[in-house]
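This is work_38.txt (compact mmCIF, C-alpha atoms).
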# COMPACT_ATOMS: atom_id res chain seq x y z
CA MET A 143 0.00 0.00 0.00
CA GLU A 144 2.93 2.32 0.74
CA ILE A 145 4.16 2.04 -2.87
CA LEU A 146 0.68 2.89 -4.14
CA TRP A 147 0.52 6.00 -1.97
CA LYS A 148 3.93 7.11 -3.23
CA ILE A 149 2.72 6.81 -6.81
CA ILE A 150 -0.55 8.64 -6.11
CA TYR A 151 1.18 11.42 -4.16
CA ASN A 152 3.72 12.03 -6.92
CA ILE A 153 1.01 12.12 -9.57
CA PHE A 154 -1.07 14.67 -7.69
CA THR A 155 1.76 16.88 -6.37
CA PRO A 156 2.44 18.57 -9.78
CA LEU A 157 -1.30 19.09 -10.27
CA LEU A 158 -1.63 20.68 -6.84
CA PHE A 159 1.36 22.90 -7.65
CA LEU A 160 -0.40 24.17 -10.78
CA VAL A 161 -3.50 24.95 -8.71
CA PHE A 162 -1.29 26.64 -6.12
CA LYS A 163 0.39 28.71 -8.83
CA PHE A 164 -2.95 29.70 -10.36
CA ILE A 165 -4.30 30.86 -6.98
CA GLY A 166 -1.09 32.84 -6.60
CA ILE A 167 -2.23 35.11 -9.42
CA PHE A 168 -4.82 36.48 -7.01
CA ASN A 169 -3.02 35.91 -3.69
CA SER A 170 0.13 37.90 -2.87
CA LYS A 171 1.21 35.58 -0.02
CA ILE A 172 1.22 32.54 -2.30
CA ARG A 173 3.07 34.49 -5.00
CA TYR A 174 5.71 35.44 -2.46
CA THR A 175 5.96 31.86 -1.17
CA LEU A 176 6.86 30.75 -4.70
CA LYS A 177 9.09 33.73 -5.46
CA VAL A 178 11.43 33.24 -2.48
CA ARG A 179 12.22 29.70 -3.59
CA LYS A 180 13.54 30.63 -7.05
CA ASN A 181 17.21 30.77 -5.99
CA LEU A 182 16.86 28.44 -3.03
CA PHE A 183 19.64 26.00 -3.92
CA LYS A 184 22.16 28.68 -4.88
CA VAL A 185 21.60 30.48 -1.58
CA LEU A 186 21.78 27.17 0.31
CA GLU A 187 25.07 26.17 -1.32
CA ASP A 188 26.66 29.50 -0.36
CA LYS A 189 25.58 29.04 3.27
CA LEU A 190 26.78 25.43 3.45
CA LEU A 191 30.27 26.48 2.36
CA LYS A 192 30.66 28.32 5.67
CA ILE A 193 29.97 25.39 8.01
CA ASP A 194 32.45 22.93 9.50
CA ALA A 195 32.35 19.90 7.20
CA SER A 196 34.00 17.71 9.85
CA LYS A 197 30.94 17.90 12.10
CA PRO A 198 27.69 15.97 11.61
CA THR A 199 24.63 18.03 10.73
CA ILE A 200 21.35 18.10 12.60
CA TRP A 201 18.41 19.56 10.72
CA PHE A 202 15.35 21.09 12.40
CA HIS A 203 12.28 21.77 10.27
CA SER A 204 9.29 23.89 11.30
CA SER A 205 6.39 25.15 9.27
CA SER A 206 6.40 28.66 10.69
CA MET A 207 7.51 30.84 13.58
CA GLY A 208 5.08 29.35 16.11
CA GLU A 209 6.32 25.81 15.61
CA PHE A 210 9.92 26.99 15.58
CA GLU A 211 9.49 28.59 19.00
CA GLN A 212 8.64 25.10 20.28
CA THR A 213 11.75 23.68 18.62
CA LYS A 214 14.20 26.14 20.17
CA PRO A 215 14.63 24.56 23.63
CA LEU A 216 15.81 21.27 22.07
CA LEU A 217 17.74 22.88 19.21
CA GLU A 218 19.69 25.09 21.59
CA LYS A 219 20.77 22.07 23.63
CA TYR A 220 22.35 20.53 20.53
CA TYR A 221 23.88 23.86 19.49
CA SER A 222 25.45 24.44 22.92
CA SER A 223 27.22 21.06 22.74
CA ASN A 224 29.32 22.49 19.88
CA GLU A 225 29.39 19.04 18.27
CA TYR A 226 27.04 19.66 15.35
CA ASN A 227 26.19 21.91 12.46
CA ILE A 228 22.63 23.12 12.97
CA VAL A 229 20.42 23.61 9.91
CA VAL A 230 16.97 25.18 10.24
CA THR A 231 14.29 25.20 7.56
CA PHE A 232 10.89 26.82 7.23
CA PHE A 233 8.04 26.39 4.85
CA SER A 234 6.39 29.78 5.46
CA PRO A 235 7.98 33.14 4.56
CA SER A 236 6.80 34.60 7.88
CA GLY A 237 8.80 32.02 9.81
CA TYR A 238 11.92 32.50 7.70
CA GLU A 239 11.79 36.30 7.66
CA ASN A 240 11.36 36.53 11.43
CA GLN A 241 14.10 34.02 12.23
CA LYS A 242 16.64 34.38 9.40
CA ASN A 243 19.18 35.92 11.81
CA TYR A 244 18.62 33.41 14.61
CA GLN A 245 21.97 33.09 16.37
CA PHE A 246 21.85 29.41 17.34
CA ALA A 247 21.79 27.97 13.82
CA HIS A 248 24.57 27.74 11.24
CA VAL A 249 22.29 27.58 8.19
CA ILE A 250 18.71 28.88 7.85
CA SER A 251 16.80 28.15 4.67
CA TYR A 252 13.42 27.73 3.05
CA LEU A 253 12.29 24.17 2.45
CA PRO A 254 11.74 23.44 -1.26
CA LEU A 255 8.34 22.37 -2.50
CA ASP A 256 7.89 18.64 -1.99
CA PHE A 257 8.65 17.41 -5.51
CA TYR A 258 10.67 14.20 -5.32
CA CYS A 259 13.64 15.55 -7.29
CA LEU A 260 13.81 18.79 -5.27
CA SER A 261 13.53 17.09 -1.89
CA LYS A 262 16.18 14.54 -2.90
CA LYS A 263 18.55 17.28 -4.04
CA PHE A 264 17.97 19.22 -0.82
CA VAL A 265 18.75 16.22 1.38
CA GLU A 266 21.89 15.43 -0.61
CA LYS A 267 23.11 19.02 -0.19
CA ILE A 268 22.57 19.10 3.58
CA LYS A 269 23.68 15.50 4.32
CA PRO A 270 21.95 15.40 7.72
CA SER A 271 22.63 12.76 10.35
CA LYS A 272 19.36 13.53 12.16
CA VAL A 273 16.23 15.46 11.24
CA PHE A 274 13.67 16.83 13.68
CA PHE A 275 10.15 17.76 12.61
CA THR A 276 7.81 19.74 14.88
CA ARG A 277 4.10 18.95 15.26
CA TYR A 278 2.35 18.82 11.88
CA ASP A 279 4.53 19.92 8.97
CA LEU A 280 5.30 16.53 7.45
CA TRP A 281 6.28 16.30 3.79
CA PRO A 282 5.89 12.75 2.36
CA ASN A 283 8.58 12.78 -0.32
CA LEU A 284 11.06 14.33 2.06
CA LEU A 285 10.37 11.70 4.72
CA TRP A 286 10.50 8.81 2.27
CA ILE A 287 13.85 10.05 0.91
CA LEU A 288 15.30 10.40 4.40
CA GLN A 289 14.17 6.88 5.20
CA LYS A 290 15.75 5.54 2.02
CA LYS A 291 19.04 7.23 2.92
CA ASN A 292 18.91 5.81 6.48
CA VAL A 293 18.77 9.25 8.07
CA LYS A 294 17.32 9.25 11.60
CA THR A 295 14.04 11.16 11.76
CA TYR A 296 12.21 12.35 14.86
CA LEU A 297 8.87 14.05 15.45
CA ILE A 298 8.60 16.25 18.53
CA ASP A 299 5.55 17.81 20.21
CA ALA A 300 3.42 15.35 18.27
CA THR A 301 -0.29 15.75 18.92
CA LEU A 302 -3.41 14.25 17.37
CA LYS A 303 -6.96 15.06 18.41
CA ASP A 304 -9.61 12.33 18.75
CA SER A 305 -11.58 14.11 16.03
CA SER A 306 -8.64 14.49 13.61
CA LEU A 307 -9.49 13.96 9.95
CA ARG A 308 -6.24 12.02 9.67
CA LEU A 309 -8.00 9.12 11.41
CA LEU A 310 -10.60 8.75 8.65
CA PRO A 311 -10.07 5.43 6.76
CA ILE A 312 -8.52 6.54 3.44
CA ILE A 313 -6.63 9.50 4.94
CA LYS A 314 -5.45 7.21 7.74
CA SER A 315 -4.04 4.73 5.24
CA PHE A 316 -2.00 7.51 3.63
CA HIS A 317 -0.68 8.72 6.99
CA ILE A 318 0.39 5.22 7.98
CA SER A 319 2.95 5.44 5.19
CA ILE A 320 4.23 8.72 6.68
CA PHE A 321 4.24 8.12 10.43
CA LYS A 322 5.91 4.71 10.14
CA VAL A 323 8.98 6.45 8.72
CA PHE A 324 9.94 8.06 12.03
CA ASP A 325 12.57 6.45 14.21
CA MET A 326 11.02 8.07 17.29
CA ILE A 327 7.88 10.11 17.95
CA PHE A 328 7.70 12.26 21.08
CA THR A 329 4.10 13.09 21.95
CA ILE A 330 2.68 15.75 24.21
CA SER A 331 0.27 13.44 26.07
CA GLU A 332 -0.81 9.85 26.57
CA ASN A 333 -3.93 10.56 24.51
CA ASP A 334 -1.77 11.76 21.62
CA LYS A 335 0.21 8.51 21.85
CA LYS A 336 -3.01 6.49 21.82
CA ASN A 337 -4.21 8.25 18.68
CA ILE A 338 -0.89 8.02 16.83
CA LEU A 339 -0.81 4.26 17.49
CA ASN A 340 -3.66 4.12 14.96
CA PHE A 341 -0.99 4.69 12.30
CA GLU A 342 0.55 1.28 13.05
CA VAL A 343 3.63 2.81 14.67
CA ASP A 344 5.55 0.49 16.99
CA SER A 345 4.55 1.55 20.53
CA ASN A 346 8.22 1.39 21.57
CA LYS A 347 8.91 4.22 19.14
CA ILE A 348 6.42 6.58 20.80
CA ILE A 349 7.49 8.38 23.97
CA VAL A 350 5.27 10.74 25.96
CA ALA A 351 7.69 13.61 26.59
CA GLY A 352 5.40 16.60 27.14
CA ASP A 353 5.22 19.95 25.39
CA THR A 354 8.39 21.95 24.72
CA ARG A 355 6.28 25.11 24.55
CA TYR A 356 6.29 25.16 28.35
CA ASP A 357 10.09 25.18 28.27
CA ARG A 358 10.19 27.91 25.67
CA VAL A 359 7.80 30.36 27.33
CA TYR A 360 9.37 29.70 30.74
CA ASN A 361 12.88 30.41 29.44
CA LYS A 362 11.68 33.53 27.63
CA SER A 363 9.91 34.76 30.76
CA LEU A 364 13.24 34.55 32.63
CA ASP A 365 14.89 36.62 29.90
CA ALA A 366 12.01 39.11 30.01
CA LYS A 367 12.83 40.00 33.61
CA ASN A 368 16.01 41.62 32.33
CA THR A 369 14.18 43.61 29.65
CA LYS A 370 12.39 46.83 30.55
CA LEU A 371 9.87 47.93 27.95
CA LEU A 372 7.82 50.29 30.14
CA ASP A 373 9.08 52.90 32.61
CA ASP A 374 7.84 53.01 36.18
CA LYS A 375 5.96 56.24 35.45
CA VAL A 376 3.80 54.25 33.02
CA ILE A 377 3.03 51.20 35.15
CA ASN A 378 3.25 52.33 38.79
CA ASN A 379 -0.04 52.00 40.72
CA LYS A 380 -1.82 50.68 37.63
CA LYS A 381 -3.95 47.64 37.05
CA ILE A 382 -2.94 46.48 33.60
CA ILE A 383 -4.78 44.36 31.06
CA ILE A 384 -2.91 43.31 27.92
CA PHE A 385 -4.67 42.30 24.73
CA GLY A 386 -2.23 40.00 22.94
CA SER A 387 -2.30 39.18 19.21
CA SER A 388 -5.61 41.02 18.86
CA TRP A 389 -7.57 40.74 15.61
CA LEU A 390 -10.33 43.08 14.44
CA ALA A 391 -12.90 40.38 15.23
CA ASP A 392 -11.52 40.18 18.78
CA GLN A 393 -11.74 43.93 19.26
CA ASN A 394 -15.39 43.94 18.25
CA HIS A 395 -16.09 41.71 21.26
CA TYR A 396 -14.19 43.62 23.94
CA LEU A 397 -13.70 47.31 23.02
CA GLU A 398 -17.09 48.51 24.29
CA GLY A 399 -16.63 46.60 27.52
CA LEU A 400 -13.14 48.03 27.86
CA LYS A 401 -14.44 51.61 27.45
CA LYS A 402 -16.89 51.03 30.29
CA LEU A 403 -14.15 49.64 32.54
CA LEU A 404 -11.86 52.58 31.77
CA ASN A 405 -14.64 54.97 32.80
CA GLU A 406 -15.08 53.15 36.12
CA GLU A 407 -11.49 52.17 36.99
CA GLU A 408 -9.27 55.24 37.26
CA ASN A 409 -6.04 53.26 37.54
CA LEU A 410 -6.76 50.81 34.72
CA LEU A 411 -4.29 50.77 31.83
CA ALA A 412 -5.03 48.85 28.62
CA ILE A 413 -2.22 47.72 26.32
CA ILE A 414 -3.41 46.51 22.90
CA VAL A 415 -1.02 44.43 20.81
CA PRO A 416 -2.50 44.01 17.31
CA HIS A 417 -1.90 40.70 15.57
CA GLU A 418 -0.58 42.71 12.62
CA PRO A 419 0.42 46.22 13.71
CA THR A 420 -0.15 47.81 10.31
CA LYS A 421 -1.21 51.44 9.98
CA GLU A 422 -4.57 50.25 8.65
CA HIS A 423 -5.22 47.95 11.62
CA ILE A 424 -4.13 50.57 14.15
CA LYS A 425 -6.43 53.10 12.49
CA GLU A 426 -9.34 50.66 12.80
CA ILE A 427 -8.66 50.49 16.54
CA THR A 428 -8.14 54.18 17.21
CA GLU A 429 -11.27 55.24 15.30
CA LYS A 430 -13.35 53.34 17.86
CA LEU A 431 -11.67 54.75 20.98
CA ASP A 432 -12.97 57.60 23.11
CA HIS A 433 -10.08 57.56 25.61
CA LYS A 434 -6.60 59.03 25.24
CA TYR A 435 -4.14 56.63 23.66
CA ILE A 436 -0.48 56.60 22.70
CA LEU A 437 1.52 54.47 20.28
CA TYR A 438 4.40 52.53 21.80
CA SER A 439 6.81 54.17 19.35
CA ASN A 440 6.00 57.46 21.16
CA ILE A 441 6.08 56.02 24.69
CA ALA A 442 8.79 58.49 25.79
CA GLU A 443 6.10 61.17 25.55
CA TYR A 444 3.65 59.28 27.80
CA ILE A 445 1.39 61.57 29.88
CA ASP A 446 -1.16 59.30 31.56
CA GLU A 447 -2.84 57.95 28.43
CA ARG A 448 -5.26 55.15 29.32
CA ILE A 449 -4.47 53.00 26.30
CA ILE A 450 -1.12 52.03 24.78
CA ILE A 451 -1.16 50.55 21.27
CA ILE A 452 1.91 48.50 20.38
CA ASP A 453 3.04 49.37 16.86
CA LYS A 454 6.14 47.14 16.86
CA ILE A 455 6.49 43.38 16.59
CA GLY A 456 8.30 40.95 18.88
CA LEU A 457 7.41 42.58 22.22
CA LEU A 458 4.36 40.63 23.34
CA LEU A 459 5.82 37.92 25.54
CA THR A 460 7.98 40.46 27.38
CA LEU A 461 5.04 42.84 27.80
CA TYR A 462 2.95 40.17 29.51
CA GLN A 463 5.17 40.52 32.60
CA TYR A 464 3.40 43.81 33.38
CA ALA A 465 -0.14 42.44 33.17
CA ASN A 466 -2.64 41.69 35.91
CA ILE A 467 -4.93 40.07 33.31
CA ALA A 468 -4.22 38.99 29.74
CA PHE A 469 -6.52 38.50 26.77
CA VAL A 470 -5.26 36.16 24.03
CA GLY A 471 -6.40 36.96 20.51
CA GLY A 472 -7.50 34.85 17.58
CA SER A 473 -10.20 33.46 19.84
CA PHE A 474 -12.94 35.26 17.88
CA GLU A 475 -11.15 34.76 14.56
CA GLN A 476 -9.66 31.52 13.19
CA GLY A 477 -8.28 30.06 16.41
CA ILE A 478 -6.62 31.19 19.60
CA HIS A 479 -2.95 32.10 19.83
CA ASN A 480 -0.50 30.89 22.49
CA VAL A 481 -2.12 31.04 25.95
CA LEU A 482 1.02 29.79 27.68
CA GLU A 483 2.86 33.04 26.95
CA PRO A 484 0.80 35.07 29.45
CA ALA A 485 0.06 32.10 31.74
CA VAL A 486 3.77 31.69 32.54
CA TYR A 487 3.52 35.00 34.42
CA LYS A 488 0.87 33.41 36.67
CA ILE A 489 -1.99 35.76 35.72
CA PRO A 490 -5.62 35.06 34.70
CA VAL A 491 -5.94 34.46 30.95
CA ILE A 492 -9.19 35.32 29.15
CA TYR A 493 -10.28 34.64 25.60
CA GLY A 494 -13.12 34.07 23.17
CA PRO A 495 -14.79 30.75 22.30
CA LYS A 496 -12.62 29.57 19.37
CA ILE A 497 -10.16 27.36 21.25
CA GLU A 498 -10.48 23.98 19.50
CA ASN A 499 -6.93 24.37 18.19
CA SER A 500 -5.46 24.71 21.70
CA GLN A 501 -5.30 21.96 24.29
CA GLU A 502 -3.62 24.44 26.61
CA ALA A 503 -6.58 26.85 26.48
CA LYS A 504 -8.85 23.96 27.43
CA LEU A 505 -6.51 22.97 30.25
CA LEU A 506 -6.53 26.49 31.70
CA ILE A 507 -10.33 26.46 31.77
CA LYS A 508 -10.38 23.05 33.41
CA GLU A 509 -7.96 24.26 36.09
CA GLY A 510 -9.95 27.44 36.72
CA VAL A 511 -7.23 29.82 35.53
CA GLY A 512 -8.55 30.51 32.01
CA PHE A 513 -11.90 32.12 31.22
CA ILE A 514 -14.10 32.40 28.12
CA PHE A 515 -16.36 35.32 27.25
CA ASN A 516 -18.63 35.74 24.23
CA ASN A 517 -19.42 39.45 23.99
CA ASN A 518 -18.69 42.91 25.40
CA GLU A 519 -21.07 42.51 28.33
CA GLU A 520 -19.52 39.21 29.44
CA PHE A 521 -16.05 40.72 29.00
CA TYR A 522 -16.95 43.64 31.26
CA PHE A 523 -18.28 41.51 34.13
CA LEU A 524 -15.48 38.94 33.84
CA VAL A 525 -12.68 41.50 33.96
CA LYS A 526 -14.36 43.58 36.67
CA ASP A 527 -14.64 40.48 38.87
CA LEU A 528 -10.99 39.55 38.31
CA LEU A 529 -9.76 43.10 38.95
CA ASP A 530 -11.75 43.44 42.17
CA ASP A 531 -10.94 40.02 43.64
CA ASN A 532 -7.29 39.99 44.72
CA ASP A 533 -7.70 36.66 46.52
CA LYS A 534 -8.99 35.01 43.35
CA ARG A 535 -6.02 36.29 41.35
CA GLU A 536 -3.67 34.98 44.04
CA GLN A 537 -5.30 31.53 43.88
CA ILE A 538 -4.94 31.56 40.10
CA SER A 539 -1.27 32.47 40.46
CA GLU A 540 -0.63 29.47 42.73
CA LYS A 541 -2.44 27.09 40.37
CA LEU A 542 -0.44 28.29 37.37
CA LYS A 543 2.79 27.92 39.29
CA LYS A 544 1.93 24.24 39.85
CA ILE A 545 0.91 23.72 36.20
CA PHE A 546 4.26 24.98 34.92
CA SER A 547 6.24 23.08 37.53
CA ALA A 548 4.55 19.89 36.35
CA ASN A 549 5.09 20.52 32.63
CA ILE A 550 8.55 22.06 32.25
CA GLY A 551 11.32 19.75 31.03
CA ALA A 552 10.12 18.18 27.77
CA ALA A 553 13.21 19.31 25.82
CA GLU A 554 15.50 17.90 28.50
CA ARG A 555 13.65 14.57 28.43
CA ILE A 556 13.89 14.28 24.63
CA TYR A 557 17.56 15.28 24.57
CA ASN A 558 18.55 12.86 27.33
CA TYR A 559 16.56 10.00 25.78
CA LEU A 560 18.27 10.39 22.40
CA LEU A 561 21.63 10.80 24.11
CA LYS A 562 21.21 7.35 25.63
CA LEU A 563 20.35 5.85 22.23
CA ASN A 564 23.59 7.18 20.80
Take the structure from the file and write it as structure tokens.
Amino acid sequence: MEILWKIIYNIFTPLLFLVFKFIGIFNSKIRYTLKVRKNLFKVLEDKLLKIDASKPTIWFHSSSMGEFEQTKPLLEKYYSSNEYNIVVTFFSPSGYENQKNYQFAHVISYLPLDFYCLSKKFVEKIKPSKVFFTRYDLWPNLLWILQKKNVKTYLIDATLKDSSLRLLPIIKSFHISIFKVFDMIFTISENDKKNILNFEVDSNKIIVAGDTRYDRVYNKSLDAKNTKLLDDKVINNKKIIIFGSSWLADQNHYLEGLKKLLNEEENLLAIIVPHEPTKEHIKEITEKLDHKYILYSNIAEYIDERIIIIDKIGLLLTLYQYANIAFVGGSFEQGIHNVLEPAVYKIPVIYGPKIENSQEAKLLIKEGVGFIFNNNEEFYFLVKDLLDDNDKREQISEKLKKIFSANIGAAERIYNYLLKLN
């Protein structure tokens, strides 16, 4: 059956590429995704000339920036050993552009489209001894080629919901041919292991290691303590709510409630971090405000504005350290963003109802430290209750401290396990 799936996949891949290219006529992101790959191999060859050919190469692949953040705790352990060349690849331009200067990798590149000849050429250029994939971004031809060349492949932070479409009969058959390639699969939970066993993977090759995202946000929170983004004159004697990765759809469900809270709470400060801090998005926010606001780029001129709008990227996780309450965006849009980033600071985390993509958001609700609201009125009453009840916030802080203590260490467990195998 595996041979049949290889034939089918390589028949349909060129057809899908043509569809992809046609859609690109109307979609700038797809056009750019294709454009940046035109000189991929020439750029890669130039970068590979600069690495130490005497060292083995470990390759880490992530789809985008979010998945790469999860990869970093493990990657940095291998980098710090000084025994390997570290190669990092991305599929998405957003991941590559944001991380192209990442200091703990020797080579950073786009992944080619998954045509057999391109994937084979890419593997032969890199000559990896090990390849790590994170979560979902699995490319069949690439995996089959790595298997054929006897390259060790590992999947980390593997997760599979009970309702996953991958478990449907025909789709499941295809994924059996993919998941069986891996030498080891490190899942987040026992339930993930149970579901991945449906792909006929040897149970001895599946290890429940936990989620490296806990390691990543914890380590970043320690770094954040040494980074001061807001002066004391801005934050002193304030109760602060931060709206992280906020979409327009999110704002429609909290802005009116926020205005009411600002009228009632004299020492309340709101910090809004747009998902995309473009001039257009910021204008959409400011047109709906009736309180004084200031852009972060002008923060030196702060004179008691009630709202700060962050017009720079890359500050969110550090900003969360100032919050008493955090809202996580995407939860009224396509799916919630990372709830662990604010939770690591042991504060209540609130969000909208679209959380199916996040097991962590569900966990926070179960533990009584995460809260859902559906509209401006519910937002108002939820936040007012949390602001007024210091004891409740203290209880939430203690619970979150225990959650992180129980979940930190996945990267260490994976690293030590593979160290023993070697």
Between A:His423, A:Arg179, A:Lys401, A:His479, which has the minimum distance to Leu260 of chain A (counting all atoms listed in the file)?
A:Arg179
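The nearest approach to Gly494 of chain A among the residues A:His395, A:Arg173, A:Lys272, A:Lys534, with all atoms listed in the file taken into account, belongs to A:His395.
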Within 9 Å of Leu371 of chain A, counting all atoms listed in the file, which residues qualify if same-chain residues fewer than 6 places away don't, as an mmCIF file with C-alpha atoms, in the coordinates of the input?
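Printed below is part_1.cif as written:
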data_model
loop_
_atom_site.group_PDB
_atom_site.id
_atom_site.type_symbol
_atom_site.label_atom_id
_atom_site.label_comp_id
_atom_site.auth_asym_id
_atom_site.auth_seq_id
_atom_site.Cartn_x
_atom_site.Cartn_y
_atom_site.Cartn_z
ATOM 1 C CA LEU A 457 7.410 42.580 22.220
ATOM 2 C CA THR A 460 7.980 40.460 27.380
ATOM 3 C CA LEU A 461 5.040 42.840 27.800
#
Restricting the calculation to all atoms listed in the file: of A:Gln289, A:Asn346, A:Asn480, A:Ser196, which residue gets closest to Arg358 of chain A?
A:Asn480
Could you give me, as CSV, a per-residue list for segment 145-260 of chain A showing, wherever an atom lies at most 10 Å from an atom of segment 291-314 of chain A, the closest pair of atoms and their distance in Å to one decimal, using only C-alpha atoms and sorting by chain then residue number from low to high?
residue,atom,partner,partner_atom,distance
A:Ile200,CA,A:Lys294,CA,9.8
A:Trp201,CA,A:Thr295,CA,9.5
A:Phe202,CA,A:Tyr296,CA,9.6
A:His203,CA,A:Leu297,CA,9.9
A:Glu209,CA,A:Asp299,CA,9.3
A:Gln212,CA,A:Asp299,CA,7.9
A:Thr213,CA,A:Ile298,CA,8.1
A:Leu216,CA,A:Ile298,CA,9.5
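Of the residues under consideration (A:Val161, A:Val470, A:Val486, A:Leu431), A:Leu431 shows the shortest atom-to-atom contact distance to Gly399 of chain A when counting all atoms listed in the file.
Interatomic distance, atom CA of Lys335 of chain A against atom CA of Ser500 of chain A: 17.2 Å.
For the choices A:Phe515, A:Phe164, A:Phe521, A:Phe233, the atom-to-atom distance to Trp281 of chain A is smallest for A:Phe233 when using all atoms listed in the file.
Straight-line separation from atom CA of Ala442 of chain A to atom CA of Lys362 of chain A: 25.2 Å.
With all atoms listed in the file as the basis for measurement, A:Glu398 is the residue among A:Glu187, A:Glu398, A:Glu218, A:Glu332 that approaches Glu520 of chain A most closely.
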Counting all atoms listed in the file, write as a ChimeraX atom specification all protein and nucleic acid residues lying at most 10 Å from (-1.1, 51.4, 18.5) in the file's frame.
/A:413-416,419-421,423-425,427-428,435-440,449-454
Keeping C-alpha atoms for every residue in the selection just given, could you write it to a file as a compact mmCIF listing (two decimals), in the frame of the given file?
# COMPACT_ATOMS: atom_id res chain seq x y z
CA ILE A 413 -2.22 47.72 26.32
CA ILE A 414 -3.41 46.51 22.90
CA VAL A 415 -1.02 44.43 20.81
CA PRO A 416 -2.50 44.01 17.31
CA PRO A 419 0.42 46.22 13.71
CA THR A 420 -0.15 47.81 10.31
CA LYS A 421 -1.21 51.44 9.98
CA HIS A 423 -5.22 47.95 11.62
CA ILE A 424 -4.13 50.57 14.15
CA LYS A 425 -6.43 53.10 12.49
CA ILE A 427 -8.66 50.49 16.54
CA THR A 428 -8.14 54.18 17.21
CA TYR A 435 -4.14 56.63 23.66
CA ILE A 436 -0.48 56.60 22.70
CA LEU A 437 1.52 54.47 20.28
CA TYR A 438 4.40 52.53 21.80
CA SER A 439 6.81 54.17 19.35
CA ASN A 440 6.00 57.46 21.16
CA ILE A 449 -4.47 53.00 26.30
CA ILE A 450 -1.12 52.03 24.78
CA ILE A 451 -1.16 50.55 21.27
CA ILE A 452 1.91 48.50 20.38
CA ASP A 453 3.04 49.37 16.86
CA LYS A 454 6.14 47.14 16.86
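Between atom CA of Leu397 of chain A and atom CA of Asn466 of chain A the separation is 17.9 Å.
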To box segment 150-156 of chain A, take all atoms listed in the file, fit an axis-aligned box, add 4 Å on each side, and give centre and edge lengths in Å to one decimal, as lines of an AutoDock Vina configuration file.
center_x = 1.3
center_y = 13.6
center_z = -7.0
size_x = 12.8
size_y = 17.9
size_z = 13.6
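With only C-alpha atoms taken into account, the protein and nucleic acid residues at most 8 Å from segment 373-381 of chain A (excluding it and anything under 4 positions from it in its own chain) are Asn409, Leu410, Leu411, Tyr444, Asp446, Tyr464, Ala465, Asn466 and Leu529 of chain A.
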Which residues come within 8 Å of Met207 of chain A, counting only C-alpha atoms, excluding same-chain residues fewer than 2 positions away, as a PDB file with C-alpha atoms, in the frame of the given file?
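To be explicit, this is the file written out as out-v3.pdb:
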ATOM      1  CA  SER A 204       9.290  23.890  11.300  1.00  0.00           C
ATOM      2  CA  SER A 205       6.390  25.150   9.270  1.00  0.00           C
ATOM      3  CA  GLU A 209       6.320  25.810  15.610  1.00  0.00           C
ATOM      4  CA  PHE A 210       9.920  26.990  15.580  1.00  0.00           C
ATOM      5  CA  GLU A 211       9.490  28.590  19.000  1.00  0.00           C
ATOM      6  CA  SER A 236       6.800  34.600   7.880  1.00  0.00           C
ATOM      7  CA  GLY A 237       8.800  32.020   9.810  1.00  0.00           C
ATOM      8  CA  TYR A 238      11.920  32.500   7.700  1.00  0.00           C
ATOM      9  CA  ASN A 240      11.360  36.530  11.430  1.00  0.00           C
ATOM     10  CA  GLN A 241      14.100  34.020  12.230  1.00  0.00           C
TER      11      GLN A 241
END
Could you give me, as a VMD selection string, the residues that sit within 7 Å of (9.4, 13.3, 24.9) in the file's coordinates, counting all atoms listed in the file?
chain A and resid 328 to 329 349 to 352 552 555 to 556
For segment 386-406 of chain A of the structure just presented, write C-alpha atoms to a file, as a tab-separated table (two decimals), in the first residue's frame.
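Okay, out19.tsv is ready:
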chain	number	residue	atom	x	y	z
A	386	GLY	CA	-2.23	40.00	22.94
A	387	SER	CA	-2.30	39.18	19.21
A	388	SER	CA	-5.61	41.02	18.86
A	389	TRP	CA	-7.57	40.74	15.61
A	390	LEU	CA	-10.33	43.08	14.44
A	391	ALA	CA	-12.90	40.38	15.23
A	392	ASP	CA	-11.52	40.18	18.78
A	393	GLN	CA	-11.74	43.93	19.26
A	394	ASN	CA	-15.39	43.94	18.25
A	395	HIS	CA	-16.09	41.71	21.26
A	396	TYR	CA	-14.19	43.62	23.94
A	397	LEU	CA	-13.70	47.31	23.02
A	398	GLU	CA	-17.09	48.51	24.29
A	399	GLY	CA	-16.63	46.60	27.52
A	400	LEU	CA	-13.14	48.03	27.86
A	401	LYS	CA	-14.44	51.61	27.45
A	402	LYS	CA	-16.89	51.03	30.29
A	403	LEU	CA	-14.15	49.64	32.54
A	404	LEU	CA	-11.86	52.58	31.77
A	405	ASN	CA	-14.64	54.97	32.80
A	406	GLU	CA	-15.08	53.15	36.12
